[in-house]
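Asker: I'm passing along model-v7.pdb; it holds PDB, C-alpha atoms, pLDDT in the B column.
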ATOM      1  CA  MET A 194      95.125 128.293 156.025  1.00 55.00           C
ATOM      2  CA  LEU A 195      94.949 131.712 154.473  1.00 64.00           C
ATOM      3  CA  LYS A 196      95.399 130.313 150.978  1.00 61.00           C
ATOM      4  CA  ARG A 197      92.769 129.441 148.415  1.00 56.00           C
ATOM      5  CA  ARG A 198      93.399 127.619 145.208  1.00 52.00           C
ATOM      6  CA  SER A 199      92.065 128.950 141.963  1.00 50.00           C
ATOM      7  CA  ARG A 200      92.508 127.327 138.583  1.00 51.00           C
ATOM      8  CA  SER A 201      95.616 129.309 137.775  1.00 49.00           C
ATOM      9  CA  GLU A 202      97.283 130.069 141.121  1.00 51.00           C
ATOM     10  CA  THR A 203      97.095 130.061 144.870  1.00 53.00           C
ATOM     11  CA  GLN A 204      95.636 133.271 146.280  1.00 62.00           C
ATOM     12  CA  VAL A 205      96.083 134.549 149.800  1.00 71.00           C
ATOM     13  CA  VAL A 206      92.720 135.371 151.344  1.00 86.00           C
ATOM     14  CA  LEU A 207      92.398 137.815 154.217  1.00 93.00           C
ATOM     15  CA  PRO A 208      89.380 138.308 156.450  1.00 95.00           C
ATOM     16  CA  THR A 209      87.048 141.106 155.364  1.00 95.00           C
ATOM     17  CA  ASN A 210      86.318 144.154 157.519  1.00 93.00           C
ATOM     18  CA  ALA A 211      83.147 142.392 158.721  1.00 94.00           C
ATOM     19  CA  GLU A 212      85.045 139.186 159.560  1.00 96.00           C
ATOM     20  CA  PHE A 213      87.909 140.770 161.540  1.00 95.00           C
ATOM     21  CA  PRO A 214      85.826 141.693 164.629  1.00 96.00           C
ATOM     22  CA  ILE A 215      84.379 138.181 164.731  1.00 97.00           C
ATOM     23  CA  LEU A 216      87.860 136.680 164.614  1.00 97.00           C
ATOM     24  CA  ASP A 217      88.972 139.086 167.347  1.00 97.00           C
ATOM     25  CA  VAL A 218      86.199 137.794 169.603  1.00 97.00           C
ATOM     26  CA  LEU A 219      87.059 134.163 168.860  1.00 98.00           C
ATOM     27  CA  TRP A 220      90.784 134.794 169.422  1.00 98.00           C
ATOM     28  CA  ASP A 221      89.980 136.356 172.795  1.00 97.00           C
ATOM     29  CA  LEU A 222      87.546 133.606 173.823  1.00 97.00           C
ATOM     30  CA  GLY A 223      89.314 130.661 172.212  1.00 97.00           C
ATOM     31  CA  GLU A 224      85.919 129.381 171.052  1.00 97.00           C
ATOM     32  CA  GLY A 225      82.345 130.589 171.057  1.00 97.00           C
ATOM     33  CA  THR A 226      78.793 130.159 169.883  1.00 98.00           C
ATOM     34  CA  VAL A 227      77.031 132.701 167.692  1.00 97.00           C
ATOM     35  CA  ASP A 228      75.442 134.110 170.870  1.00 96.00           C
ATOM     36  CA  ASP A 229      78.888 134.452 172.496  1.00 97.00           C
ATOM     37  CA  VAL A 230      80.219 136.338 169.482  1.00 97.00           C
ATOM     38  CA  VAL A 231      77.172 138.620 169.183  1.00 96.00           C
ATOM     39  CA  ALA A 232      77.388 139.476 172.901  1.00 95.00           C
ATOM     40  CA  ARG A 233      81.031 140.539 172.626  1.00 95.00           C
ATOM     41  CA  LEU A 234      80.993 142.448 169.351  1.00 95.00           C
ATOM     42  CA  PRO A 235      81.069 146.264 169.556  1.00 87.00           C
ATOM     43  CA  ALA A 236      77.626 147.570 170.536  1.00 82.00           C
ATOM     44  CA  ARG A 237      77.330 150.216 167.817  1.00 81.00           C
ATOM     45  CA  PRO A 238      75.564 149.165 165.731  1.00 83.00           C
ATOM     46  CA  ARG A 239      74.317 146.051 167.559  1.00 85.00           C
ATOM     47  CA  ALA A 240      75.293 142.892 165.699  1.00 90.00           C
ATOM     48  CA  ASN A 241      72.471 140.867 164.201  1.00 94.00           C
ATOM     49  CA  TYR A 242      72.436 137.167 165.164  1.00 96.00           C
ATOM     50  CA  LYS A 243      71.619 135.951 161.634  1.00 97.00           C
ATOM     51  CA  THR A 244      74.284 138.170 160.069  1.00 96.00           C
ATOM     52  CA  VAL A 245      76.967 136.866 162.451  1.00 97.00           C
ATOM     53  CA  GLN A 246      75.783 133.306 161.841  1.00 97.00           C
ATOM     54  CA  SER A 247      76.040 133.816 158.058  1.00 97.00           C
ATOM     55  CA  LEU A 248      79.478 135.395 158.361  1.00 97.00           C
ATOM     56  CA  LEU A 249      80.704 132.487 160.491  1.00 98.00           C
ATOM     57  CA  ARG A 250      79.536 130.042 157.806  1.00 97.00           C
ATOM     58  CA  ILE A 251      81.340 132.046 155.130  1.00 97.00           C
ATOM     59  CA  MET A 252      84.424 132.176 157.348  1.00 97.00           C
ATOM     60  CA  GLU A 253      84.212 128.412 157.757  1.00 97.00           C
ATOM     61  CA  ASP A 254      84.183 128.007 153.966  1.00 96.00           C
ATOM     62  CA  LYS A 255      87.347 130.138 153.866  1.00 95.00           C
ATOM     63  CA  ASP A 256      88.966 127.971 156.595  1.00 95.00           C
ATOM     64  CA  PHE A 257      89.217 130.881 159.034  1.00 97.00           C
ATOM     65  CA  VAL A 258      87.090 129.015 161.587  1.00 97.00           C
ATOM     66  CA  GLN A 259      85.701 125.548 162.151  1.00 97.00           C
ATOM     67  CA  HIS A 260      82.797 124.392 164.252  1.00 97.00           C
ATOM     68  CA  LYS A 261      82.079 121.563 166.585  1.00 97.00           C
ATOM     69  CA  THR A 262      78.692 120.615 167.932  1.00 96.00           C
ATOM     70  CA  ARG A 263      77.993 120.960 171.635  1.00 95.00           C
ATOM     71  CA  GLY A 264      74.471 119.814 172.318  1.00 95.00           C
ATOM     72  CA  ARG A 265      72.371 121.685 169.793  1.00 94.00           C
ATOM     73  CA  ALA A 266      74.786 124.607 169.491  1.00 94.00           C
ATOM     74  CA  PHE A 267      77.625 125.112 167.059  1.00 97.00           C
ATOM     75  CA  VAL A 268      80.801 126.197 168.806  1.00 98.00           C
ATOM     76  CA  PHE A 269      83.206 128.028 166.519  1.00 98.00           C
ATOM     77  CA  VAL A 270      86.983 127.862 166.908  1.00 98.00           C
ATOM     78  CA  PRO A 271      89.506 129.975 164.974  1.00 97.00           C
ATOM     79  CA  ARG A 272      91.706 128.021 162.545  1.00 96.00           C
ATOM     80  CA  VAL A 273      94.029 130.961 161.943  1.00 96.00           C
ATOM     81  CA  THR A 274      95.988 132.895 164.529  1.00 96.00           C
ATOM     82  CA  ARG A 275      96.264 136.634 164.993  1.00 95.00           C
ATOM     83  CA  GLU A 276      99.946 136.330 164.099  1.00 96.00           C
ATOM     84  CA  GLU A 277      99.185 134.563 160.798  1.00 95.00           C
ATOM     85  CA  VAL A 278      96.637 137.200 159.795  1.00 95.00           C
ATOM     86  CA  ARG A 279      98.930 140.047 160.884  1.00 94.00           C
ATOM     87  CA  ALA A 280     101.831 138.602 158.900  1.00 94.00           C
ATOM     88  CA  VAL A 281      99.794 138.204 155.720  1.00 94.00           C
ATOM     89  CA  SER A 282      98.162 141.639 156.140  1.00 94.00           C
ATOM     90  CA  ALA A 283     101.502 143.365 156.725  1.00 94.00           C
ATOM     91  CA  LYS A 284     103.109 141.588 153.760  1.00 94.00           C
ATOM     92  CA  ARG A 285     100.231 142.552 151.487  1.00 93.00           C
ATOM     93  CA  LEU A 286     100.394 146.191 152.652  1.00 94.00           C
ATOM     94  CA  LEU A 287     104.162 146.213 152.196  1.00 96.00           C
ATOM     95  CA  ASP A 288     103.987 144.769 148.678  1.00 96.00           C
ATOM     96  CA  ARG A 289     101.029 146.826 147.450  1.00 94.00           C
ATOM     97  CA  ASN A 290     101.753 150.222 148.942  1.00 96.00           C
ATOM     98  CA  PHE A 291     105.517 150.296 149.417  1.00 96.00           C
ATOM     99  CA  GLN A 292     106.800 148.064 146.597  1.00 96.00           C
ATOM    100  CA  GLY A 293     108.277 145.701 149.184  1.00 95.00           C
ATOM    101  CA  SER A 294     110.403 148.368 150.884  1.00 96.00           C
ATOM    102  CA  TYR A 295     110.433 147.946 154.669  1.00 94.00           C
ATOM    103  CA  ALA A 296     112.264 151.252 155.028  1.00 94.00           C
ATOM    104  CA  ALA A 297     109.633 153.161 153.020  1.00 96.00           C
ATOM    105  CA  MET A 298     106.839 151.646 155.083  1.00 95.00           C
ATOM    106  CA  LEU A 299     108.539 152.401 158.401  1.00 93.00           C
ATOM    107  CA  VAL A 300     109.409 155.968 157.408  1.00 94.00           C
ATOM    108  CA  ASN A 301     105.804 156.510 156.311  1.00 95.00           C
ATOM    109  CA  LEU A 302     104.526 155.271 159.679  1.00 92.00           C
ATOM    110  CA  LEU A 303     107.017 157.386 161.600  1.00 92.00           C
ATOM    111  CA  ASP A 304     106.426 160.553 159.542  1.00 93.00           C
ATOM    112  CA  ARG A 305     102.640 160.390 159.700  1.00 93.00           C
ATOM    113  CA  ASN A 306     102.168 159.453 163.356  1.00 92.00           C
ATOM    114  CA  ASP A 307     103.090 160.839 166.748  1.00 93.00           C
ATOM    115  CA  VAL A 308     105.547 158.159 167.863  1.00 92.00           C
ATOM    116  CA  LYS A 309     106.646 158.422 171.470  1.00 94.00           C
ATOM    117  CA  GLU A 310     110.317 158.364 172.383  1.00 94.00           C
ATOM    118  CA  GLU A 311     109.925 155.092 174.284  1.00 96.00           C
ATOM    119  CA  GLU A 312     108.400 153.464 171.203  1.00 94.00           C
ATOM    120  CA  LEU A 313     111.328 154.662 169.090  1.00 94.00           C
ATOM    121  CA  ASN A 314     113.691 153.155 171.659  1.00 95.00           C
ATOM    122  CA  GLU A 315     111.733 149.913 171.542  1.00 96.00           C
ATOM    123  CA  LEU A 316     111.966 149.847 167.742  1.00 93.00           C
ATOM    124  CA  GLU A 317     115.728 150.421 167.901  1.00 94.00           C
ATOM    125  CA  ALA A 318     116.092 147.594 170.428  1.00 96.00           C
ATOM    126  CA  LEU A 319     113.987 145.261 168.280  1.00 95.00           C
ATOM    127  CA  ILE A 320     116.086 146.025 165.205  1.00 94.00           C
ATOM    128  CA  GLN A 321     119.293 145.455 167.175  1.00 95.00           C
ATOM    129  CA  ARG A 322     117.991 142.145 168.547  1.00 95.00           C
ATOM    130  CA  TYR A 323     116.942 141.087 165.034  1.00 93.00           C
ATOM    131  CA  ARG A 324     120.435 141.886 163.716  1.00 94.00           C
ATOM    132  CA  GLU A 325     122.045 139.873 166.498  1.00 94.00           C
ATOM    133  CA  GLN A 326     119.790 136.870 165.859  1.00 93.00           C
ATOM    134  CA  LYS A 327     120.428 137.059 162.132  1.00 91.00           C
ATOM    135  CA  THR A 328     124.183 137.195 162.712  1.00 90.00           C
ATOM    136  CA  LYS A 329     123.973 134.099 164.929  1.00 88.00           C
ATOM    137  CA  GLY A 330     122.065 132.302 162.172  1.00 79.00           C
ATOM    138  CA  GLY A 331     118.792 132.370 164.097  1.00 60.00           C
ATOM    139  CA  SER A 332     115.975 134.046 162.230  1.00 53.00           C
ATOM    140  CA  SER A 333     115.798 135.243 158.659  1.00 51.00           C
ATOM    141  CA  THR A 334     112.788 136.741 156.960  1.00 51.00           C
TER     142      THR A 334
END
Would you mind writing the file out in structure tokens?
Answerer:
Amino acid sequence: MLKRRSRSETQVVLPTNAEFPILDVLWDLGEGTVDDVVARLPARPRANYKTVQSLLRIMEDKDFVQHKTRGRAFVFVPRVTREEVRAVSAKRLLDRNFQGSYAAMLVNLLDRNDVKEEELNELEALIQRYREQKTKGGSST
């Protein structure tokens, strides 16, 4: 759903900075009208109804959302999940900024941020669990 075809190749399309908050609202609600989205967007600056409506139409063209009609209102539903968007975003960041090196990306995050000891322990446990699953033939990425 995050792919668009061009004449020469398939391109991965990510939501824009303006589209992300709208998707966040729809992911939280499950579905919503333009009014629902406007009411739940951050208050500063206050979202404009027509702008949100236009963005939802653009997002529908990109297959990020779809709408159904309920009475006279359009109810928008996300067609992509948070996990799908996170995966594509992380992969793009990894490829563009770290030449595909997971280690370089992780070291950069650890060096430039105040990571708590419990988070480091959690990361170690996640890596260990991943290794165990991979050894058992479970997951490979």
Asker: Name the residues that the PyMOL selection byres ((chain A and resi 242) around 9) pulls out of this structure, and write them as a list of chain:residue names.
Answerer: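 For this structure, the PyMOL selection byres ((chain A and resi 242) around 9) captures A:Val227, A:Asp228, A:Val230, A:Val231, A:Ala240, A:Asn241, A:Lys243, A:Thr244, A:Val245, A:Gln246, A:Ser247.
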Asker: Mind pulling up the distance from CA of Asn210 in chain A to CA of Phe267 in chain A?
Answerer: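 Calculated distance between CA of Phe267 in chain A and CA of Asn210 in chain A is 23.0 Å.
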Asker: Go ahead and compute the interatomic distance for CA of Pro271 in chain A and CA of Glu224 in chain A, in Å to one decimal.
Answerer: 7.1 Å
Asker: Evaluated on this file, the PyMOL selection byres ((chain A and resi 221) around 12) picks out some residues - which ones are they, written as a PyMOL selection string?
Answerer: chain A and resi 214-220+222-225+229-230+233-234+270-271+274-275
Asker: What residues have an atom no more than 12 Å from (81.9, 131.8, 156.0) in the file's own frame, counting all atoms listed in the file, and can you write them as a ChimeraX atom specification?
Answerer: /A:208-209,211-212,215-216,244-260,269,271
Asker: Write out as a ChimeraX atom specification each polymer residue whose atoms come within 12 Å of range 315-320 of chain A, counting only C-alpha atoms; drop sequence neighbours fewer than 6 positions from it.
Answerer: /A:299,303,308-309,326-327
Asker: Around all the atoms of range 277-284 of chain A listed in the file, draw an axis-aligned box and extend it by 3 Å on each of the six sides; I want its centre and edge lengths in Å to one decimal, as lines of an AutoDock Vina configuration file.
Answerer:
center_x = 99.9
center_y = 139.0
center_z = 157.3
size_x = 12.5
size_y = 14.8
size_z = 13.1
Asker: Find the distance between CA of Val281 in chain A and CA of Glu311 in chain A and write it in Å to one decimal.
Answerer: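 Interatomic distance here is 27.1 Å.
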Asker: If you count all atoms listed in the file, which residues fall within 12 Å of Arg279 in chain A, apart from same-chain ones fewer than 3 positions away, as a list in words?
Answerer: Leu195, Leu207, Pro208, Phe213, Asp217, Val273, Thr274, Arg275, Glu276, Ser282, Ala283, Lys284, Arg285, Leu286 and Leu287 of chain A
Asker: For the residues selected in the previous step, produce a file with C-alpha atoms as an mmCIF file, in the frame of the given file.
Answerer:
data_model
loop_
_atom_site.group_PDB
_atom_site.id
_atom_site.type_symbol
_atom_site.label_atom_id
_atom_site.label_comp_id
_atom_site.auth_asym_id
_atom_site.auth_seq_id
_atom_site.Cartn_x
_atom_site.Cartn_y
_atom_site.Cartn_z
ATOM 1 C CA LEU A 195 94.949 131.712 154.473
ATOM 2 C CA LEU A 207 92.398 137.815 154.217
ATOM 3 C CA PRO A 208 89.380 138.308 156.450
ATOM 4 C CA PHE A 213 87.909 140.770 161.540
ATOM 5 C CA ASP A 217 88.972 139.086 167.347
ATOM 6 C CA VAL A 273 94.029 130.961 161.943
ATOM 7 C CA THR A 274 95.988 132.895 164.529
ATOM 8 C CA ARG A 275 96.264 136.634 164.993
ATOM 9 C CA GLU A 276 99.946 136.330 164.099
ATOM 10 C CA SER A 282 98.162 141.639 156.140
ATOM 11 C CA ALA A 283 101.502 143.365 156.725
ATOM 12 C CA LYS A 284 103.109 141.588 153.760
ATOM 13 C CA ARG A 285 100.231 142.552 151.487
ATOM 14 C CA LEU A 286 100.394 146.191 152.652
ATOM 15 C CA LEU A 287 104.162 146.213 152.196
#
Asker: Counting all atoms listed in the file, which of A:Lys329, A:Thr226, A:Met298, A:Leu313 gets nearest to Arg263 in chain A?
Answerer: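 Closest to Arg263 in chain A, using all atoms listed in the file: A:Thr226.
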